[in-house]
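J.: Here it is, the structure, as structure tokens.
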Amino acid sequence: MKFFVDTAEIDAIKELNDTGMVDGVTTNPSLIKKSGRDILEVTREICSIVDGPVSAEVVALNADDMIAEGRELAKIAENIAVKLPLTWDGLKACKVLSSEGKMVNVTLCFSANQALLAAKAGATFISPFIGRLDDINLDGMELIEDIRTIYDNFGFKTEILAASIRSVNHVLDSARIGADVITAPPEVIKKLASHPLTDAGLATFMKDAEAAGIKIV
Ligand code: E4P
């Protein structure tokens, strides 16, 4: 399973990338706003750090303008995935940009039927938003399961990118179901390393190491 990091914060991306945890990056207008930086400048910097796909989202609403913005974003680097919203215009733009050989991440997916359309329009990635469905008492994981079944039934190559991941359990469940990729905030990815028994065991080992006077270097 691939890990994308869902942020535009350079330090966080570098730290995770140096640990081998970053297969790609996703951003959106809210994350760009949070970074306080210019979209083209910060995206260029991210692409210089990370080899895998870096999603950069258009802000136009009609297909022609999305296509123009997508082409502009794709000029930043070869690993740009143009992020388009799952609207009818977004699907039109997806078809055009993917036919030009650009990677496309279709975002804001909340139903399996939407995911089916994105695959037919040639999307490289489909981004179902798990956390936002859970927020309104719907089952985000059920959506991932449905998309997995549909894509496997028909051999669609579009990768399922489980997005809006809020917890380590979202990561585990996505892995169990067979999502191809998860995108999660840096804190969630780092939290995957935590276990109370690891902390307790380490505390005992440290105490005993001190009592035994163990020194290695
Ligand atoms: C994915 O590409 C989105 O940027 C992101 O996962 C949205 O997450 P949120 O619902 O926590 O804002």
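Every chain in the structure tokens takes a letter, A first, then B, and so on in the order presented; its residues are numbered from 1, and the ligands are numbered from 1 following the presented order.
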So that I can check the secondary structure, give me every residue of region 24-185 of chain A assigned strand (DSSP E or B) by backbone DSSP, as a PyMOL selection string.
T.: chain A and resi 24-26+54-57+80-85+103-109+125-129+159-163+181-184
J.: Give the residue list for ligand 1 at 9 Å, counting only C-alpha atoms and all ligand atoms, as a PyMOL selection string, sorted by chain and then by residue number.
T.: chain A and resi 5-7+25-31+55+57+83+105-108+127-133+161-166+182-185
J.: Could you dump the residues just selected with C-alpha atoms as a PDB file, in the first residue's frame?
T.:
ATOM      1  CA  VAL A   5       1.009  12.670   2.926  1.00  0.00           C
ATOM      2  CA  ASP A   6      -1.869  15.128   2.994  1.00  0.00           C
ATOM      3  CA  THR A   7      -0.159  18.458   3.626  1.00  0.00           C
ATOM      4  CA  VAL A  25       1.703  14.086  -1.578  1.00  0.00           C
ATOM      5  CA  THR A  26      -1.822  15.468  -1.772  1.00  0.00           C
ATOM      6  CA  THR A  27      -2.747  19.099  -1.353  1.00  0.00           C
ATOM      7  CA  ASN A  28      -5.983  21.036  -1.689  1.00  0.00           C
ATOM      8  CA  PRO A  29      -6.857  24.757  -1.551  1.00  0.00           C
ATOM      9  CA  SER A  30      -7.418  24.567   2.227  1.00  0.00           C
ATOM     10  CA  LEU A  31      -3.984  23.012   2.798  1.00  0.00           C
ATOM     11  CA  SER A  55      -1.606  16.303  -6.325  1.00  0.00           C
ATOM     12  CA  GLU A  57      -5.944  21.051  -7.198  1.00  0.00           C
ATOM     13  CA  LYS A  83      -6.651  17.244  -8.858  1.00  0.00           C
ATOM     14  CA  ASN A 105      -6.718  12.658  -9.142  1.00  0.00           C
ATOM     15  CA  VAL A 106     -10.500  13.013  -8.996  1.00  0.00           C
ATOM     16  CA  THR A 107     -11.363  14.331  -5.561  1.00  0.00           C
ATOM     17  CA  LEU A 108     -14.404  14.897  -3.338  1.00  0.00           C
ATOM     18  CA  SER A 127     -10.249  10.036  -3.776  1.00  0.00           C
ATOM     19  CA  PRO A 128     -13.175   8.876  -1.619  1.00  0.00           C
ATOM     20  CA  PHE A 129     -13.341  11.034   1.535  1.00  0.00           C
ATOM     21  CA  ILE A 130     -13.754   8.634   4.444  1.00  0.00           C
ATOM     22  CA  GLY A 131     -13.635  11.044   7.381  1.00  0.00           C
ATOM     23  CA  ARG A 132     -16.175  13.474   5.949  1.00  0.00           C
ATOM     24  CA  LEU A 133     -18.667  10.607   5.461  1.00  0.00           C
ATOM     25  CA  LEU A 161      -6.789   6.727  -2.843  1.00  0.00           C
ATOM     26  CA  ALA A 162      -8.497   6.651   0.556  1.00  0.00           C
ATOM     27  CA  ALA A 163      -8.648  10.308   1.629  1.00  0.00           C
ATOM     28  CA  SER A 164      -9.896  12.347   4.559  1.00  0.00           C
ATOM     29  CA  ILE A 165      -8.169   9.846   6.829  1.00  0.00           C
ATOM     30  CA  ARG A 166      -8.519  10.922  10.433  1.00  0.00           C
ATOM     31  CA  ILE A 182      -4.027   6.260   1.681  1.00  0.00           C
ATOM     32  CA  THR A 183      -3.436   9.952   2.088  1.00  0.00           C
ATOM     33  CA  ALA A 184      -3.205  11.101   5.674  1.00  0.00           C
ATOM     34  CA  PRO A 185      -1.963  14.075   7.680  1.00  0.00           C
TER      35      PRO A 185
END
J.: Please return as a ChimeraX atom specification: the residues of region 31-196 of chain A that backbone DSSP assigns to helix (DSSP H, G or I).
T.: /A:31-35,39-49,63-74,88-99,112-120,130-135,140-154,168-177,186-191,196
J.: Near Gly101 (chain A), within 12 Å and counting only C-alpha atoms, which residues show up once chain neighbours fewer than 5 positions away are dropped, as a compact mmCIF listing (two decimals) with C-alpha atoms, in the first residue's frame?
T.:
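Final output, saved to around-v6.txt:
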# COMPACT_ATOMS: atom_id res chain seq x y z
CA GLY A 70 -4.56 21.61 -15.09
CA ARG A 71 -2.16 22.17 -17.99
CA ALA A 74 1.25 19.99 -14.94
CA GLU A 78 6.50 15.55 -14.31
CA ASN A 79 5.12 14.10 -11.07
CA ILE A 80 2.14 16.46 -10.83
CA ALA A 81 -1.27 14.79 -10.56
CA VAL A 82 -3.92 17.33 -11.49
CA CYS A 94 -10.46 14.45 -16.46
CA LYS A 95 -11.09 12.82 -19.83
CA VAL A 96 -9.16 15.53 -21.69
CA GLY A 122 -9.63 7.82 -17.18
CA ALA A 123 -8.74 9.01 -13.68
CA THR A 124 -5.39 7.85 -12.34
J.: Could you name the residues that touch Ala63 (chain A) at 12 Å or less, counting only C-alpha atoms, but leaving out those on the same chain fewer than 6 positions away, as a PDB file with N, CA, C and O atoms, in the first residue's frame?
T.:
ATOM      1  N   GLU A  69      -6.133  25.325 -16.246  1.00  0.00           N
ATOM      2  CA  GLU A  69      -5.401  25.313 -14.965  1.00  0.00           C
ATOM      3  C   GLU A  69      -4.611  24.011 -14.805  1.00  0.00           C
ATOM      4  O   GLU A  69      -3.474  24.021 -14.322  1.00  0.00           O
ATOM      5  N   GLY A  70      -5.231  22.911 -15.211  1.00  0.00           N
ATOM      6  CA  GLY A  70      -4.556  21.608 -15.092  1.00  0.00           C
ATOM      7  C   GLY A  70      -3.283  21.579 -15.924  1.00  0.00           C
ATOM      8  O   GLY A  70      -2.243  21.076 -15.465  1.00  0.00           O
ATOM      9  N   LEU A  84      -8.938  17.224  -9.643  1.00  0.00           N
ATOM     10  CA  LEU A  84     -10.174  17.792 -10.179  1.00  0.00           C
ATOM     11  C   LEU A  84     -11.346  17.346  -9.315  1.00  0.00           C
ATOM     12  O   LEU A  84     -11.385  16.190  -8.891  1.00  0.00           O
ATOM     13  N   PRO A  85     -12.311  18.231  -9.092  1.00  0.00           N
ATOM     14  CA  PRO A  85     -13.468  17.824  -8.287  1.00  0.00           C
ATOM     15  C   PRO A  85     -14.398  16.891  -9.051  1.00  0.00           C
ATOM     16  O   PRO A  85     -14.486  16.962 -10.281  1.00  0.00           O
ATOM     17  N   LEU A  86     -15.102  16.030  -8.302  1.00  0.00           N
ATOM     18  CA  LEU A  86     -16.003  15.096  -8.948  1.00  0.00           C
ATOM     19  C   LEU A  86     -17.343  15.758  -9.279  1.00  0.00           C
ATOM     20  O   LEU A  86     -18.349  15.558  -8.579  1.00  0.00           O
ATOM     21  N   THR A  87     -17.283  16.587 -10.334  1.00  0.00           N
ATOM     22  CA  THR A  87     -18.484  17.206 -10.887  1.00  0.00           C
ATOM     23  C   THR A  87     -18.526  16.782 -12.355  1.00  0.00           C
ATOM     24  O   THR A  87     -17.547  16.199 -12.865  1.00  0.00           O
ATOM     25  N   TRP A  88     -19.607  17.111 -13.021  1.00  0.00           N
ATOM     26  CA  TRP A  88     -19.670  16.750 -14.442  1.00  0.00           C
ATOM     27  C   TRP A  88     -18.554  17.452 -15.215  1.00  0.00           C
ATOM     28  O   TRP A  88     -17.879  16.853 -16.056  1.00  0.00           O
ATOM     29  N   ASP A  89     -18.325  18.725 -14.900  1.00  0.00           N
ATOM     30  CA  ASP A  89     -17.231  19.448 -15.557  1.00  0.00           C
ATOM     31  C   ASP A  89     -15.876  18.845 -15.203  1.00  0.00           C
ATOM     32  O   ASP A  89     -14.979  18.748 -16.051  1.00  0.00           O
ATOM     33  N   GLY A  90     -15.739  18.419 -13.956  1.00  0.00           N
ATOM     34  CA  GLY A  90     -14.486  17.776 -13.541  1.00  0.00           C
ATOM     35  C   GLY A  90     -14.232  16.498 -14.328  1.00  0.00           C
ATOM     36  O   GLY A  90     -13.097  16.198 -14.710  1.00  0.00           O
ATOM     37  N   LEU A  91     -15.290  15.750 -14.606  1.00  0.00           N
ATOM     38  CA  LEU A  91     -15.136  14.512 -15.375  1.00  0.00           C
ATOM     39  C   LEU A  91     -14.746  14.810 -16.826  1.00  0.00           C
ATOM     40  O   LEU A  91     -13.909  14.117 -17.409  1.00  0.00           O
ATOM     41  N   LYS A  92     -15.349  15.879 -17.383  1.00  0.00           N
ATOM     42  CA  LYS A  92     -14.965  16.273 -18.759  1.00  0.00           C
ATOM     43  C   LYS A  92     -13.485  16.630 -18.805  1.00  0.00           C
ATOM     44  O   LYS A  92     -12.758  16.222 -19.712  1.00  0.00           O
ATOM     45  N   ALA A  93     -13.054  17.413 -17.825  1.00  0.00           N
ATOM     46  CA  ALA A  93     -11.642  17.832 -17.770  1.00  0.00           C
ATOM     47  C   ALA A  93     -10.742  16.618 -17.543  1.00  0.00           C
ATOM     48  O   ALA A  93      -9.647  16.521 -18.114  1.00  0.00           O
ATOM     49  N   CYS A  94     -11.225  15.675 -16.742  1.00  0.00           N
ATOM     50  CA  CYS A  94     -10.461  14.451 -16.464  1.00  0.00           C
ATOM     51  C   CYS A  94     -10.192  13.698 -17.759  1.00  0.00           C
ATOM     52  O   CYS A  94      -9.080  13.253 -18.023  1.00  0.00           O
ATOM     53  N   LYS A  95     -11.228  13.564 -18.573  1.00  0.00           N
ATOM     54  CA  LYS A  95     -11.088  12.822 -19.832  1.00  0.00           C
ATOM     55  C   LYS A  95     -10.034  13.487 -20.728  1.00  0.00           C
ATOM     56  O   LYS A  95      -9.154  12.819 -21.287  1.00  0.00           O
ATOM     57  N   VAL A  96     -10.103  14.817 -20.812  1.00  0.00           N
ATOM     58  CA  VAL A  96      -9.161  15.535 -21.692  1.00  0.00           C
ATOM     59  C   VAL A  96      -7.733  15.426 -21.151  1.00  0.00           C
ATOM     60  O   VAL A  96      -6.798  15.069 -21.879  1.00  0.00           O
ATOM     61  N   LEU A  97      -7.558  15.732 -19.871  1.00  0.00           N
ATOM     62  CA  LEU A  97      -6.198  15.760 -19.311  1.00  0.00           C
ATOM     63  C   LEU A  97      -5.590  14.359 -19.250  1.00  0.00           C
ATOM     64  O   LEU A  97      -4.400  14.189 -19.529  1.00  0.00           O
TER      65      LEU A  97
END
J.: So that I can see what lies close to Val22 (chain A), please list as a tab-separated table (two decimals) with N, CA, C and O atoms, in the first residue's frame the residues with an atom at most 10 Å from it, counting only C-alpha atoms and leaving out residues fewer than 3 positions away in the same chain.
T.:
chain	number	residue	atom	x	y	z
A	2	LYS	N	0.47	2.22	-0.83
A	2	LYS	CA	1.25	3.46	-0.90
A	2	LYS	C	0.73	4.46	0.14
A	2	LYS	O	-0.47	4.52	0.40
A	3	PHE	N	1.66	5.24	0.68
A	3	PHE	CA	1.34	6.31	1.62
A	3	PHE	C	1.56	7.66	0.95
A	3	PHE	O	2.69	7.97	0.56
A	4	PHE	N	0.51	8.43	0.84
A	4	PHE	CA	0.67	9.83	0.44
A	4	PHE	C	0.49	10.67	1.69
A	4	PHE	O	-0.27	10.28	2.59
A	5	VAL	N	1.19	11.80	1.77
A	5	VAL	CA	1.01	12.67	2.93
A	5	VAL	C	0.15	13.86	2.49
A	5	VAL	O	0.36	14.44	1.43
A	13	ILE	N	6.82	17.10	5.30
A	13	ILE	CA	7.03	16.23	4.11
A	13	ILE	C	8.47	15.70	4.12
A	13	ILE	O	8.70	14.51	3.92
A	14	LYS	N	9.43	16.61	4.41
A	14	LYS	CA	10.84	16.19	4.41
A	14	LYS	C	11.09	15.11	5.45
A	14	LYS	O	11.74	14.11	5.18
A	15	GLU	N	10.55	15.31	6.66
A	15	GLU	CA	10.80	14.34	7.74
A	15	GLU	C	10.28	12.95	7.37
A	15	GLU	O	10.98	11.95	7.50
A	16	LEU	N	9.05	12.90	6.86
A	16	LEU	CA	8.48	11.60	6.50
A	16	LEU	C	9.17	11.01	5.28
A	16	LEU	O	9.39	9.80	5.20
A	17	ASN	N	9.55	11.87	4.34
A	17	ASN	CA	10.21	11.40	3.13
A	17	ASN	C	11.56	10.77	3.46
A	17	ASN	O	11.91	9.71	2.94
A	18	ASP	N	12.29	11.39	4.40
A	18	ASP	CA	13.59	10.86	4.81
A	18	ASP	C	13.47	9.50	5.49
A	18	ASP	O	14.44	8.77	5.62
A	19	THR	N	12.27	9.19	5.99
A	19	THR	CA	12.05	7.91	6.68
A	19	THR	C	11.45	6.87	5.72
A	19	THR	O	11.11	5.76	6.13
A	25	VAL	N	2.25	13.01	-2.42
A	25	VAL	CA	1.70	14.09	-1.58
A	25	VAL	C	0.36	14.50	-2.17
A	25	VAL	O	0.19	14.48	-3.39
A	50	VAL	N	9.85	15.17	-3.37
A	50	VAL	CA	9.18	13.86	-3.47
A	50	VAL	C	9.17	13.37	-4.91
A	50	VAL	O	8.87	14.13	-5.83
A	51	ASP	N	9.52	12.09	-5.10
A	51	ASP	CA	9.54	11.53	-6.46
A	51	ASP	C	8.15	11.13	-6.96
A	51	ASP	O	7.87	11.20	-8.14
A	52	GLY	N	7.28	10.69	-6.03
A	52	GLY	CA	5.97	10.17	-6.44
A	52	GLY	C	4.99	11.28	-6.79
A	52	GLY	O	5.34	12.47	-6.76
A	53	PRO	N	3.75	10.89	-7.10
A	53	PRO	CA	2.73	11.86	-7.52
A	53	PRO	C	2.45	12.94	-6.47
A	53	PRO	O	2.30	12.63	-5.29
A	183	THR	N	-4.09	8.67	1.84
A	183	THR	CA	-3.44	9.95	2.09
A	183	THR	C	-3.88	10.43	3.46
A	183	THR	O	-5.08	10.46	3.77
A	186	PRO	N	0.39	14.23	8.39
A	186	PRO	CA	1.63	13.70	8.95
A	186	PRO	C	1.45	13.10	10.34
A	186	PRO	O	2.01	12.04	10.64
A	189	ILE	N	0.15	9.54	10.20
A	189	ILE	CA	1.17	8.59	9.73
A	189	ILE	C	2.17	8.29	10.85
A	189	ILE	O	2.52	7.14	11.10
J.: For CA of Met1 (chain A) and CA of Val181 (chain A), determine how far apart the two atoms are, in Å to one decimal place.
T.: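 Between CA of Met1 (chain A) and CA of Val181 (chain A) the gap works out to 5.6 Å.
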J.: Could you please determine the separation between CA of Ala118 (chain A) and CA of His170 (chain A) in Å, to one decimal place?
T.: 22.7 Å
J.: Skipping near chain neighbours, those fewer than 3 positions away, what residues fall within 12 Å of Lys157 (chain A) using only C-alpha atoms, listed as a PyMOL selection string?
T.: chain A and resi 115-116+118-126+147-148+150-154+160+180
J.: Now that the selection is made, can you save its residues with N, CA, C and O atoms as a PDB file, in the first residue's frame?
T.:
ATOM      1  N   ALA A 115     -17.375   7.193  -8.308  1.00  0.00           N
ATOM      2  CA  ALA A 115     -16.082   6.547  -8.550  1.00  0.00           C
ATOM      3  C   ALA A 115     -16.081   5.784  -9.874  1.00  0.00           C
ATOM      4  O   ALA A 115     -15.072   5.741 -10.587  1.00  0.00           O
ATOM      5  N   LEU A 116     -17.228   5.206 -10.197  1.00  0.00           N
ATOM      6  CA  LEU A 116     -17.356   4.484 -11.471  1.00  0.00           C
ATOM      7  C   LEU A 116     -17.172   5.453 -12.648  1.00  0.00           C
ATOM      8  O   LEU A 116     -16.447   5.178 -13.604  1.00  0.00           O
ATOM      9  N   ALA A 118     -15.555   8.318 -12.613  1.00  0.00           N
ATOM     10  CA  ALA A 118     -14.171   8.800 -12.658  1.00  0.00           C
ATOM     11  C   ALA A 118     -13.269   7.786 -13.362  1.00  0.00           C
ATOM     12  O   ALA A 118     -12.401   8.154 -14.167  1.00  0.00           O
ATOM     13  N   ALA A 119     -13.498   6.505 -13.075  1.00  0.00           N
ATOM     14  CA  ALA A 119     -12.684   5.461 -13.723  1.00  0.00           C
ATOM     15  C   ALA A 119     -12.933   5.472 -15.233  1.00  0.00           C
ATOM     16  O   ALA A 119     -12.003   5.379 -16.031  1.00  0.00           O
ATOM     17  N   LYS A 120     -14.199   5.619 -15.621  1.00  0.00           N
ATOM     18  CA  LYS A 120     -14.518   5.641 -17.052  1.00  0.00           C
ATOM     19  C   LYS A 120     -13.926   6.868 -17.749  1.00  0.00           C
ATOM     20  O   LYS A 120     -13.617   6.828 -18.935  1.00  0.00           O
ATOM     21  N   ALA A 121     -13.754   7.956 -16.983  1.00  0.00           N
ATOM     22  CA  ALA A 121     -13.175   9.180 -17.563  1.00  0.00           C
ATOM     23  C   ALA A 121     -11.647   9.129 -17.559  1.00  0.00           C
ATOM     24  O   ALA A 121     -10.993  10.093 -17.950  1.00  0.00           O
ATOM     25  N   GLY A 122     -11.084   8.003 -17.085  1.00  0.00           N
ATOM     26  CA  GLY A 122      -9.630   7.820 -17.184  1.00  0.00           C
ATOM     27  C   GLY A 122      -8.821   8.324 -16.003  1.00  0.00           C
ATOM     28  O   GLY A 122      -7.606   8.534 -16.129  1.00  0.00           O
ATOM     29  N   ALA A 123      -9.475   8.510 -14.845  1.00  0.00           N
ATOM     30  CA  ALA A 123      -8.744   9.013 -13.676  1.00  0.00           C
ATOM     31  C   ALA A 123      -7.606   8.065 -13.278  1.00  0.00           C
ATOM     32  O   ALA A 123      -7.759   6.845 -13.347  1.00  0.00           O
ATOM     33  N   THR A 124      -6.498   8.652 -12.877  1.00  0.00           N
ATOM     34  CA  THR A 124      -5.387   7.848 -12.340  1.00  0.00           C
ATOM     35  C   THR A 124      -5.720   7.435 -10.909  1.00  0.00           C
ATOM     36  O   THR A 124      -5.464   6.313 -10.487  1.00  0.00           O
ATOM     37  N   PHE A 125      -6.285   8.395 -10.155  1.00  0.00           N
ATOM     38  CA  PHE A 125      -6.669   8.154  -8.757  1.00  0.00           C
ATOM     39  C   PHE A 125      -8.103   8.615  -8.538  1.00  0.00           C
ATOM     40  O   PHE A 125      -8.524   9.628  -9.107  1.00  0.00           O
ATOM     41  N   ILE A 126      -8.811   7.882  -7.675  1.00  0.00           N
ATOM     42  CA  ILE A 126     -10.102   8.364  -7.188  1.00  0.00           C
ATOM     43  C   ILE A 126      -9.947   8.571  -5.682  1.00  0.00           C
ATOM     44  O   ILE A 126      -9.416   7.707  -4.995  1.00  0.00           O
ATOM     45  N   ILE A 147     -16.228   0.527  -3.865  1.00  0.00           N
ATOM     46  CA  ILE A 147     -15.403   0.937  -5.023  1.00  0.00           C
ATOM     47  C   ILE A 147     -14.427  -0.189  -5.382  1.00  0.00           C
ATOM     48  O   ILE A 147     -14.240  -0.515  -6.557  1.00  0.00           O
ATOM     49  N   ARG A 148     -13.829  -0.815  -4.344  1.00  0.00           N
ATOM     50  CA  ARG A 148     -12.889  -1.926  -4.600  1.00  0.00           C
ATOM     51  C   ARG A 148     -13.590  -3.016  -5.408  1.00  0.00           C
ATOM     52  O   ARG A 148     -13.067  -3.535  -6.390  1.00  0.00           O
ATOM     53  N   ILE A 150     -16.325  -2.837  -7.289  1.00  0.00           N
ATOM     54  CA  ILE A 150     -16.693  -2.406  -8.650  1.00  0.00           C
ATOM     55  C   ILE A 150     -15.462  -2.345  -9.556  1.00  0.00           C
ATOM     56  O   ILE A 150     -15.484  -2.850 -10.693  1.00  0.00           O
ATOM     57  N   TYR A 151     -14.383  -1.766  -9.061  1.00  0.00           N
ATOM     58  CA  TYR A 151     -13.178  -1.666  -9.902  1.00  0.00           C
ATOM     59  C   TYR A 151     -12.641  -3.069 -10.240  1.00  0.00           C
ATOM     60  O   TYR A 151     -12.203  -3.315 -11.363  1.00  0.00           O
ATOM     61  N   ASP A 152     -12.688  -3.972  -9.249  1.00  0.00           N
ATOM     62  CA  ASP A 152     -12.192  -5.336  -9.509  1.00  0.00           C
ATOM     63  C   ASP A 152     -13.122  -6.093 -10.457  1.00  0.00           C
ATOM     64  O   ASP A 152     -12.663  -6.844 -11.315  1.00  0.00           O
ATOM     65  N   ASN A 153     -14.430  -5.863 -10.324  1.00  0.00           N
ATOM     66  CA  ASN A 153     -15.393  -6.546 -11.215  1.00  0.00           C
ATOM     67  C   ASN A 153     -15.097  -6.267 -12.682  1.00  0.00           C
ATOM     68  O   ASN A 153     -15.283  -7.128 -13.536  1.00  0.00           O
ATOM     69  N   PHE A 154     -14.657  -5.026 -12.955  1.00  0.00           N
ATOM     70  CA  PHE A 154     -14.519  -4.625 -14.364  1.00  0.00           C
ATOM     71  C   PHE A 154     -13.072  -4.347 -14.778  1.00  0.00           C
ATOM     72  O   PHE A 154     -12.818  -3.897 -15.894  1.00  0.00           O
ATOM     73  N   ILE A 160      -7.487   3.437  -6.009  1.00  0.00           N
ATOM     74  CA  ILE A 160      -8.325   3.953  -4.919  1.00  0.00           C
ATOM     75  C   ILE A 160      -7.416   4.614  -3.888  1.00  0.00           C
ATOM     76  O   ILE A 160      -6.566   3.958  -3.280  1.00  0.00           O
ATOM     77  N   ASP A 180      -5.604   1.165  -2.725  1.00  0.00           N
ATOM     78  CA  ASP A 180      -4.242   1.163  -3.273  1.00  0.00           C
ATOM     79  C   ASP A 180      -3.340   2.140  -2.528  1.00  0.00           C
ATOM     80  O   ASP A 180      -2.136   1.920  -2.402  1.00  0.00           O
TER      81      ASP A 180
END
J.: Of the candidates A:Ala8, A:Val104, A:Ile144, A:Leu40, which shows the shortest atom-to-atom distance to Asp173 (chain A), using only C-alpha atoms?
T.: A:Ile144
